[in-house]
>>> print(open('model27.tsv').read())   # TSV, C-alpha atoms
chain	number	residue	atom	x	y	z
C	1	MET	CA	235.78	127.17	231.89
C	2	LEU	CA	233.13	124.87	233.35
C	3	ARG	CA	233.41	121.20	232.48
C	4	PRO	CA	230.32	119.30	231.13
C	5	ILE	CA	229.92	117.34	234.37
C	6	ALA	CA	230.05	120.53	236.41
C	7	LEU	CA	227.49	122.10	234.07
C	8	SER	CA	225.19	119.07	234.39
C	9	ALA	CA	225.41	119.30	238.15
C	10	LEU	CA	224.74	123.03	238.07
C	11	PHE	CA	221.76	122.60	235.76
C	12	SER	CA	220.33	119.78	237.88
C	13	THR	CA	220.74	121.93	240.99
C	14	LEU	CA	218.97	124.85	239.34
C	15	ILE	CA	216.11	122.59	238.26
C	16	LEU	CA	215.81	121.18	241.76
C	17	ILE	CA	215.80	124.65	243.27
C	18	SER	CA	213.20	125.77	240.75
C	19	THR	CA	211.01	122.73	241.44
C	20	SER	CA	211.33	123.38	245.13
C	21	ILE	CA	210.25	126.97	244.61
C	22	ALA	CA	207.30	125.86	242.48
C	23	THR	CA	206.02	123.48	245.12
C	24	LYS	CA	205.96	126.41	247.51
C	25	LYS	CA	203.17	127.91	245.38
C	26	VAL	CA	205.28	130.57	243.73
C	27	HIS	CA	203.43	131.40	240.51
C	28	ALA	CA	205.20	129.69	237.65
C	29	HIS	CA	203.49	129.31	234.29
C	30	PRO	CA	204.70	128.38	230.84
C	31	VAL	CA	204.99	130.45	227.73
C	32	ALA	CA	202.96	127.84	225.92
C	33	TYR	CA	199.71	126.57	227.35
C	34	ALA	CA	199.36	123.03	228.65
C	35	GLY	CA	199.18	120.61	225.74
C	36	ALA	CA	200.75	122.98	223.20
C	37	THR	CA	203.45	122.04	220.72
C	38	SER	CA	205.80	124.78	219.49
C	39	PHE	CA	208.28	124.78	216.63
C	40	MET	CA	210.94	127.49	216.63
C	41	SER	CA	213.46	128.10	213.87
C	42	LEU	CA	216.06	130.84	214.41
C	43	ASN	CA	218.36	131.54	211.51
C	44	MET	CA	221.11	134.04	210.87
C	45	LYS	CA	224.36	134.03	208.95
C	46	GLY	CA	226.52	131.20	210.31
C	47	LEU	CA	223.98	130.08	212.91
C	48	SER	CA	220.83	128.00	212.66
C	49	GLU	CA	218.77	126.83	215.64
C	50	ASN	CA	215.67	124.61	215.45
C	51	THR	CA	213.64	123.57	218.48
C	52	LEU	CA	210.55	121.42	218.86
C	53	VAL	CA	208.91	121.71	222.27
C	54	TYR	CA	205.86	120.07	223.82
C	55	SER	CA	204.43	121.60	227.00
C	56	PRO	CA	202.84	118.90	229.16
C	57	THR	CA	202.04	121.43	231.86
C	58	TYR	CA	201.80	125.17	232.12
C	59	TYR	CA	205.36	125.59	233.41
C	60	LEU	CA	207.41	122.98	231.55
C	61	GLY	CA	208.57	122.45	227.99
C	62	THR	CA	210.29	119.28	226.76
C	63	GLY	CA	211.67	118.56	223.34
C	64	LEU	CA	214.66	118.55	221.02
C	65	LYS	CA	217.05	121.30	219.93
C	66	HIS	CA	219.51	121.31	217.06
C	67	VAL	CA	222.02	124.10	216.60
C	68	GLN	CA	224.32	124.36	213.62
C	69	THR	CA	227.20	126.80	213.50
C	70	ASP	CA	230.07	127.04	211.03
C	71	GLY	CA	231.25	123.42	210.78
C	72	GLU	CA	229.70	122.33	214.09
C	73	LYS	CA	226.45	120.64	215.14
C	74	TRP	CA	224.94	120.62	218.61
C	75	SER	CA	221.90	118.37	219.16
C	76	ASN	CA	220.34	118.03	222.59
C	77	LEU	CA	217.30	117.08	224.60
C	78	HIS	CA	215.64	120.32	225.56
C	79	LEU	CA	214.07	121.10	228.89
C	80	GLY	CA	212.58	124.54	229.51
C	81	TYR	CA	211.27	125.65	232.85
C	82	LEU	CA	209.41	128.79	233.78
C	83	VAL	CA	210.85	129.67	237.17
C	84	LYS	CA	208.59	132.63	237.80
C	85	ARG	CA	206.03	134.74	236.00
C	86	TRP	CA	204.59	138.05	237.08
C	87	ASN	CA	201.16	138.49	235.51
C	88	GLU	CA	199.88	142.05	235.87
C	89	LEU	CA	196.88	143.64	234.16
C	90	ASP	CA	199.05	145.63	231.75
C	91	SER	CA	202.30	143.68	231.68
C	92	GLN	CA	204.00	140.34	232.07
C	93	ALA	CA	207.51	139.38	233.21
C	94	ASN	CA	209.19	135.98	233.20
C	95	ILE	CA	212.31	134.13	234.27
C	96	TYR	CA	213.19	130.87	232.55
C	97	LEU	CA	215.85	128.20	232.74
C	98	PHE	CA	216.55	125.86	229.85
C	99	GLY	CA	219.07	123.30	228.69
C	100	GLY	CA	219.82	119.63	228.45
C	101	PRO	CA	222.39	117.01	227.49
C	102	GLY	CA	223.28	116.25	223.90
C	103	LEU	CA	225.79	115.32	221.23
C	104	HIS	CA	228.35	117.71	219.71
C	105	GLN	CA	229.86	117.01	216.29
C	106	LYS	CA	232.94	118.81	215.02
C	107	ASP	CA	235.57	117.86	212.41
C	108	GLY	CA	234.29	114.27	212.28
C	109	GLN	CA	234.50	113.87	216.05
C	110	ASN	CA	231.65	113.36	218.50
C	111	ALA	CA	231.43	114.40	222.14
C	112	TYR	CA	228.74	114.68	224.76
C	113	PHE	CA	227.86	118.15	225.93
C	114	THR	CA	225.44	120.01	228.17
C	115	ARG	CA	223.59	123.15	227.27
C	116	LEU	CA	222.57	125.60	229.96
C	117	GLY	CA	220.73	128.87	229.63
C	118	ALA	CA	218.60	131.47	231.32
C	119	GLN	CA	216.25	134.14	230.07
C	120	ALA	CA	214.43	137.07	231.62
C	121	ASP	CA	211.87	139.24	229.84
C	122	TRP	CA	209.30	141.92	230.43
C	123	GLU	CA	206.63	143.21	228.07
C	124	ASN	CA	203.49	145.19	227.84
C	125	ARG	CA	201.51	145.84	224.69
C	126	ARG	CA	203.83	148.64	223.62
C	127	PHE	CA	207.35	147.72	224.83
C	128	TYR	CA	209.43	144.55	225.12
C	129	LEU	CA	212.73	143.83	226.89
C	130	MET	CA	214.60	140.55	226.91
C	131	GLY	CA	217.97	139.23	228.12
C	132	ARG	CA	219.22	135.73	227.39
C	133	TYR	CA	222.35	133.72	228.06
C	134	SER	CA	223.10	130.30	226.63
C	135	ALA	CA	226.20	128.14	226.87
C	136	ALA	CA	227.18	124.75	225.48
C	137	HIS	CA	230.42	123.06	226.42
C	138	SER	CA	231.99	119.85	225.19
C	139	LYS	CA	235.57	118.59	225.13
C	140	LEU	CA	235.71	119.64	221.46
C	141	SER	CA	234.78	123.29	221.94
C	142	SER	CA	232.47	125.76	223.64
C	143	PHE	CA	229.72	128.01	222.42
C	144	GLU	CA	228.31	130.92	224.39
C	145	GLN	CA	225.67	133.40	223.36
C	146	TYR	CA	224.54	136.60	225.04
C	147	GLN	CA	221.47	138.27	223.62
C	148	THR	CA	219.49	141.36	224.51
C	149	ARG	CA	216.40	142.65	222.76
C	150	VAL	CA	214.51	145.91	222.97
C	151	GLY	CA	211.18	146.13	221.15
C	152	PHE	CA	208.47	148.66	220.36
C	153	ALA	CA	205.00	148.17	218.85
C	154	PRO	CA	204.15	151.12	216.58
C	155	PHE	CA	200.42	150.39	216.95
C	156	LEU	CA	198.26	148.24	219.20
C	157	ALA	CA	196.69	145.40	217.28
C	158	GLY	CA	193.69	143.32	218.29
C	159	PHE	CA	193.59	139.59	218.98
C	160	ASN	CA	192.78	138.55	215.41
C	161	GLU	CA	194.85	141.21	213.72
C	162	LEU	CA	198.41	141.31	212.42
C	163	ASN	CA	200.75	142.46	215.17
C	164	VAL	CA	203.92	144.34	214.23
C	165	TRP	CA	206.95	144.97	216.42
C	166	MET	CA	210.18	146.84	215.75
C	167	ILE	CA	213.05	145.20	217.63
C	168	VAL	CA	216.77	145.79	218.01
C	169	GLN	CA	218.79	142.70	218.91
C	170	PHE	CA	222.24	142.88	220.47
C	171	GLN	CA	224.16	139.62	220.29
C	172	HIS	CA	227.57	138.64	221.59
C	173	VAL	CA	229.17	135.29	220.74
C	174	PRO	CA	232.73	135.23	222.15
C	175	GLN	CA	233.82	132.20	220.10
C	176	ARG	CA	233.02	133.75	216.73
C	177	ASP	CA	235.23	135.93	214.54
C	178	GLN	CA	232.68	138.68	214.55
C	179	GLU	CA	231.88	138.60	218.25
C	180	SER	CA	229.18	141.26	218.58
C	181	LYS	CA	226.32	142.04	216.27
C	182	VAL	CA	223.52	144.60	216.29
C	183	THR	CA	220.46	143.55	214.28
C	184	PRO	CA	217.37	145.69	213.77
C	185	LEU	CA	214.45	143.44	212.88
C	186	MET	CA	210.71	143.39	212.37
C	187	ARG	CA	208.52	140.93	214.21
C	188	PHE	CA	205.09	139.96	212.92
C	189	PHE	CA	202.55	137.64	214.42
C	190	TYR	CA	199.10	136.60	213.42
C	191	LYS	CA	197.15	134.10	215.51
C	192	ASN	CA	199.52	131.16	216.18
C	193	VAL	CA	202.30	132.08	213.72
C	194	LEU	CA	205.16	134.45	214.52
C	195	TRP	CA	207.96	135.44	212.15
C	196	GLU	CA	210.87	137.87	212.23
C	197	MET	CA	213.05	139.34	209.52
C	198	GLY	CA	216.04	141.60	209.86
C	199	SER	CA	219.51	142.50	208.82
C	200	SER	CA	222.48	143.36	211.02
C	201	VAL	CA	224.23	146.69	210.63
C	202	ASP	CA	226.94	144.70	208.79
C	203	GLY	CA	224.38	143.34	206.34
C	204	ASP	CA	223.96	139.82	207.76
C	205	TRP	CA	220.41	138.49	207.40
C	206	LEU	CA	218.15	137.06	210.09
C	207	VAL	CA	214.94	135.06	209.64
C	208	ASN	CA	213.05	133.47	212.53
C	209	LEU	CA	209.80	131.50	212.62
C	210	MET	CA	207.66	130.20	215.44
C	211	VAL	CA	204.47	128.17	215.10
C	212	ARG	CA	202.38	127.01	218.02
C	213	TYR	CA	199.58	124.47	217.77
M	1	MET	CA	139.46	123.69	239.60
M	2	LYS	CA	139.56	121.91	236.26
M	3	THR	CA	141.31	124.90	234.73
M	4	LYS	CA	144.00	124.89	237.45
M	5	VAL	CA	144.63	121.17	236.98
M	6	LEU	CA	144.79	121.60	233.24
M	7	LEU	CA	147.25	124.53	233.50
M	8	SER	CA	149.44	122.67	236.00
M	9	THR	CA	149.54	119.61	233.77
M	10	MET	CA	150.46	121.72	230.76
M	11	LEU	CA	153.25	123.46	232.68
M	12	ILE	CA	154.71	120.13	233.82
M	13	LEU	CA	154.54	118.68	230.34
M	14	LEU	CA	155.96	121.73	228.63
M	15	ALA	CA	158.69	122.44	231.16
M	16	PRO	CA	161.40	120.52	229.31
M	17	LEU	CA	160.54	122.48	226.18
M	18	GLY	CA	160.37	125.76	228.00
M	19	LEU	CA	162.42	128.92	227.81
M	20	GLN	CA	166.15	128.56	228.40
M	21	ALA	CA	168.79	131.22	228.71
M	22	SER	CA	172.45	130.76	227.84
M	23	GLU	CA	174.98	132.39	230.12
M	24	SER	CA	177.71	134.79	229.11
M	25	ILE	CA	180.83	135.18	231.23
M	26	ASN	CA	183.39	137.96	231.13
M	27	VAL	CA	186.77	136.91	232.49
M	28	LYS	CA	189.26	139.66	233.25
M	29	VAL	CA	192.75	138.23	232.73
M	30	LYS	CA	196.10	139.36	234.12
M	31	GLY	CA	199.19	139.08	231.92
M	32	MET	CA	197.32	138.99	228.61
M	33	VAL	CA	199.50	141.48	226.73
M	34	CYS	CA	200.50	139.42	223.69
M	35	SER	CA	197.93	137.96	221.31
M	36	PHE	CA	200.34	135.25	220.10
M	37	CYS	CA	200.69	134.03	223.69
M	38	SER	CA	196.95	134.35	224.27
M	39	THR	CA	195.92	131.99	221.48
M	40	GLY	CA	196.08	129.23	224.09
M	41	ILE	CA	193.17	130.79	225.96
M	42	GLU	CA	190.95	130.69	222.90
M	43	LYS	CA	192.00	127.14	222.08
M	44	THR	CA	191.62	125.87	225.64
M	45	PHE	CA	188.11	127.30	226.15
M	46	SER	CA	186.96	126.25	222.68
M	47	LYS	CA	187.61	122.65	223.68
M	48	GLN	CA	185.18	122.89	226.59
M	49	PRO	CA	181.88	121.13	225.73
M	50	SER	CA	179.83	123.74	227.58
M	51	VAL	CA	181.33	126.70	225.70
M	52	GLU	CA	179.63	127.92	222.55
M	53	LYS	CA	181.77	130.97	221.74
M	54	VAL	CA	185.08	132.47	222.88
M	55	LYS	CA	186.16	136.00	222.12
M	56	VAL	CA	189.41	137.60	223.33
M	57	ASN	CA	189.68	141.36	223.69
M	58	MET	CA	193.27	142.53	224.13
M	59	ASP	CA	192.32	146.16	224.84
M	60	GLU	CA	190.04	145.30	227.75
M	61	LYS	CA	192.09	142.21	228.78
M	62	VAL	CA	188.84	140.27	228.84
M	63	VAL	CA	187.84	136.85	227.56
M	64	PHE	CA	184.16	136.77	226.64
M	65	LEU	CA	182.58	133.33	226.94
M	66	THR	CA	179.12	132.34	225.76
M	67	LEU	CA	177.92	129.07	227.18
M	68	LYS	CA	175.63	126.67	225.42
M	69	GLU	CA	172.06	126.47	226.64
M	70	SER	CA	172.11	124.65	229.97
M	71	GLY	CA	175.91	124.64	229.77
M	72	GLN	CA	177.82	125.25	233.00
M	73	LEU	CA	181.36	126.37	233.75
M	74	SER	CA	182.30	127.02	237.35
M	75	ASP	CA	184.58	129.83	238.52
M	76	ALA	CA	187.07	127.22	239.74
M	77	LYS	CA	187.19	125.59	236.29
M	78	ILE	CA	187.63	128.97	234.59
M	79	LYS	CA	190.53	129.81	236.91
M	80	GLU	CA	192.11	126.41	236.24
M	81	LEU	CA	191.86	126.84	232.46
M	82	ILE	CA	193.29	130.37	232.57
M	83	THR	CA	196.16	129.18	234.78
M	84	ASP	CA	196.86	126.28	232.40
M	85	SER	CA	197.08	128.86	229.64
M	86	GLY	CA	199.77	130.74	231.59
M	87	PHE	CA	197.75	133.65	232.97
M	88	ASN	CA	195.84	134.69	236.09
M	89	VAL	CA	192.21	135.62	236.61
M	90	ALA	CA	191.55	139.16	237.85
M	91	GLY	CA	187.77	138.85	237.97
M	92	ILE	CA	184.75	136.92	236.69
M	93	GLU	CA	181.42	138.49	235.78
M	94	ARG	CA	178.40	136.44	234.83
M	95	LYS	CA	175.34	137.54	232.85
M	96	LYS	CA	172.25	135.69	231.76
M	97	ALA	CA	171.76	136.23	228.04
M	98	GLN	CA	168.32	137.02	226.56
M	99	PRO	CA	166.23	133.89	226.96
M	100	LYS	CA	165.17	132.17	223.79
M	101	ALA	CA	162.74	129.34	223.19
M	102	ALA	CA	164.26	125.93	223.04
M	103	LYS	CA	164.06	124.16	219.71
>>> encode(input="model27.tsv", output="structure tokens")
Amino acid sequence: MLRPIALSALFSTLILISTSIATKKVHAHPVAYAGATSFMSLNMKGLSENTLVYSPTYYLGTGLKHVQTDGEKWSNLHLGYLVKRWNELDSQANIYLFGGPGLHQKDGQNAYFTRLGAQADWENRRFYLMGRYSAAHSKLSSFEQYQTRVGFAPFLAGFNELNVWMIVQFQHVPQRDQESKVTPLMRFFYKNVLWEMGSSVDGDWLVNLMVRY
Amino acid sequence: MKTKVLLSTMLILLAPLGLQASESINVKVKGMVCSFCSTGIEKTFSKQPSVEKVKVNMDEKVVFLTLKESGQLSDAKIKELITDSGFNVAGIERKKAQPKAAK
């Protein structure tokens, strides 16, 4: 298992490499536009994740993240970086790095930790694919999360219309009793508000919200 | 001669009140596949003082801009704003709208 210091070093190295790539004019743009503030709340049984991010530029997001699992709290400074984006006329693909240092609370004890994650996605107006890995390690415990999503839009909606997506989420959390979970969900978005609702095949609920302004 | 002088004087005096045409610009955008992610384009262009109207068409992947009378927005500025929104410009087409008398 990687120690927090090793993770910090790894994350710093990845950021440096990414920055180096960006200065070589590789196209790297953010999810949010420059000057945007985004609030994301991801909630499912036994796991709640809230993130507030401000994007000062088109390729960087800075903010705070708070994750709460059964009996544990992970709060950290959040740094998101768009390593590369492929903008095509009919599709878009992205690679991101994210993470940051923070405080882990468990059983009345506190410890510093570092979160590290990566995400890759591809979408067009009809299909959506996403893979994501996130890890947080402290001396108290570790938390890893693997997530894959496959989505389909049953109809093509216009810019000012309600968009609907049908998504299947595959999640694997090695440290949890129920390690793997398959969750079919519906995604809706209208203008700057996005929300998702679903239930895993075992009956566990999922509600997510994202607002950008 | 008097008539020519009179007409010239009138033209000079009335020039500032003359006919003006606003410009419309169609910007073809690469990567604009999600309307939630594209709200930034609308917001960014709406903040521009020279822009009167912004309309995003997801089917055509085009952002339609209508400039205010005598408003100007260079290609370089359009590319910069689209890039800041997280996308790339595929093409820019400019059209002069029907002229209308200034108020």
>>> closest_residue(input="model27.tsv", among="C:Leu47, C:Ser41, C:Tyr133, C:Tyr58", to="Glu80 (chain M)", atoms="only C-alpha atoms")
C:Tyr58
>>> atom_distance(input="model27.tsv", atom1="CA of His172 (chain C)", atom2="CA of Val33 (chain M)")
28.7 Å
>>> atom_distance(input="model27.tsv", atom1="CA of Lys77 (chain M)", atom2="CA of Ser55 (chain C)")
20.0 Å
>>> closest_residue(input="model27.tsv", among="C:Val211, C:Val201, C:Met130, C:Ala153", to="Met186 (chain C)", atoms="all atoms listed in the file")
C:Ala153
>>> closest_atom_pairs(input="model27.tsv", of="chain C", to="chain M", cutoff="10 Å", atoms="only C-alpha atoms", output="tab-separated table")
residue	atom	partner	partner_atom	distance
C:His27	CA	M:Asn88	CA	9.4
C:Ala28	CA	M:Gly86	CA	8.2
C:His29	CA	M:Gly86	CA	4.8
C:Pro30	CA	M:Gly86	CA	5.5
C:Val31	CA	M:Gly86	CA	6.5
C:Ala32	CA	M:Cys37	CA	7.0
C:Tyr33	CA	M:Ser85	CA	4.2
C:Ala34	CA	M:Asp84	CA	5.6
C:Gly35	CA	M:Asp84	CA	9.0
C:Ala36	CA	M:Gly40	CA	7.9
C:Thr57	CA	M:Asp84	CA	7.1
C:Tyr58	CA	M:Asp84	CA	5.1
C:Tyr59	CA	M:Gly86	CA	7.8
C:Arg85	CA	M:Gly86	CA	8.6
C:Trp86	CA	M:Gly31	CA	7.5
C:Asn87	CA	M:Gly31	CA	4.1
C:Glu88	CA	M:Lys30	CA	5.0
C:Leu89	CA	M:Lys30	CA	4.4
C:Asp90	CA	M:Val33	CA	6.5
C:Ser91	CA	M:Gly31	CA	5.6
C:Gln92	CA	M:Gly31	CA	5.0
C:Ala93	CA	M:Gly31	CA	8.4
C:Glu123	CA	M:Val33	CA	7.5
C:Asn124	CA	M:Val33	CA	5.6
C:Arg125	CA	M:Val33	CA	5.2
C:Arg126	CA	M:Val33	CA	8.9
C:Leu156	CA	M:Asp59	CA	8.5
C:Ala157	CA	M:Met58	CA	8.2
C:Gly158	CA	M:Met58	CA	5.9
C:Phe159	CA	M:Ser35	CA	5.2
C:Asn160	CA	M:Ser35	CA	7.9
C:Glu161	CA	M:Ser35	CA	8.8
C:Leu162	CA	M:Ser35	CA	9.5
C:Asn163	CA	M:Ser35	CA	8.1
C:Phe188	CA	M:Phe36	CA	9.8
C:Phe189	CA	M:Phe36	CA	6.5
C:Tyr190	CA	M:Phe36	CA	6.9
C:Lys191	CA	M:Phe36	CA	5.7
C:Asn192	CA	M:Phe36	CA	5.7
C:Val193	CA	M:Phe36	CA	7.4
C:Leu194	CA	M:Phe36	CA	7.4
C:Val211	CA	M:Phe36	CA	9.6
C:Arg212	CA	M:Phe36	CA	8.7
C:Tyr213	CA	M:Gly40	CA	8.7
>>> closest_residue(input="model27.tsv", among="M:Ile92, M:Glu42, M:Glu23, M:Lys47", to="Ser70 (chain M)", atoms="only C-alpha atoms")
M:Glu23
>>> atom_distance(input="model27.tsv", atom1="CA of Val173 (chain C)", atom2="CA of Trp205 (chain C)")
16.3 Å
>>> closest_atom_pairs(input="model27.tsv", of="region 33-130 of chain C", to="region 146-150 of chain C", cutoff="9 Å", atoms="only C-alpha atoms", output="Markdown table")
| residue | atom | partner | partner_atom | distance |
| --- | --- | --- | --- | --- |
| C:Phe127 | CA | C:Val150 | CA | 7.6 |
| C:Tyr128 | CA | C:Val150 | CA | 5.7 |
| C:Leu129 | CA | C:Val150 | CA | 4.8 |
| C:Met130 | CA | C:Arg149 | CA | 5.0 |
>>> build_atoms(input="model27.tsv", residues="region 52-65 of chain C", atoms="N, CA, C and O atoms", output="compact mmCIF listing (two decimals), keeping the file's coordinate frame")
# COMPACT_ATOMS: atom_id res chain seq x y z
N LEU C 52 211.92 121.94 218.80
CA LEU C 52 210.55 121.42 218.86
C LEU C 52 210.23 121.15 220.32
O LEU C 52 210.94 120.38 220.97
N VAL C 53 209.21 121.80 220.84
CA VAL C 53 208.91 121.71 222.27
C VAL C 53 207.44 121.35 222.49
O VAL C 53 206.54 121.94 221.89
N TYR C 54 207.22 120.39 223.38
CA TYR C 54 205.86 120.07 223.82
C TYR C 54 205.73 120.48 225.29
O TYR C 54 206.62 120.20 226.10
N SER C 55 204.65 121.16 225.62
CA SER C 55 204.43 121.60 227.00
C SER C 55 203.39 120.71 227.68
O SER C 55 202.19 120.88 227.43
N PRO C 56 203.81 119.76 228.49
CA PRO C 56 202.84 118.90 229.16
C PRO C 56 202.07 119.62 230.26
O PRO C 56 200.96 119.24 230.60
N THR C 57 202.70 120.64 230.83
CA THR C 57 202.04 121.43 231.86
C THR C 57 202.25 122.90 231.54
O THR C 57 202.91 123.24 230.56
N TYR C 58 201.71 123.74 232.39
CA TYR C 58 201.80 125.17 232.12
C TYR C 58 203.15 125.78 232.48
O TYR C 58 203.36 126.97 232.27
N TYR C 59 204.07 125.01 233.03
CA TYR C 59 205.36 125.59 233.41
C TYR C 59 206.57 124.83 232.86
O TYR C 59 207.70 125.14 233.20
N LEU C 60 206.33 123.83 232.02
CA LEU C 60 207.41 122.98 231.55
C LEU C 60 207.35 122.77 230.05
O LEU C 60 206.27 122.61 229.50
N GLY C 61 208.49 122.77 229.41
CA GLY C 61 208.57 122.45 227.99
C GLY C 61 209.64 121.39 227.77
O GLY C 61 210.74 121.50 228.30
N THR C 62 209.31 120.34 227.01
CA THR C 62 210.29 119.28 226.76
C THR C 62 210.36 119.05 225.25
O THR C 62 209.35 119.12 224.56
N GLY C 63 211.57 118.78 224.76
CA GLY C 63 211.67 118.56 223.34
C GLY C 63 213.09 118.35 222.88
O GLY C 63 213.93 117.84 223.63
N LEU C 64 213.35 118.75 221.64
CA LEU C 64 214.66 118.55 221.02
C LEU C 64 215.14 119.87 220.43
O LEU C 64 214.35 120.66 219.91
N LYS C 65 216.46 120.09 220.52
CA LYS C 65 217.05 121.30 219.93
C LYS C 65 218.24 120.89 219.07
O LYS C 65 219.02 120.01 219.44
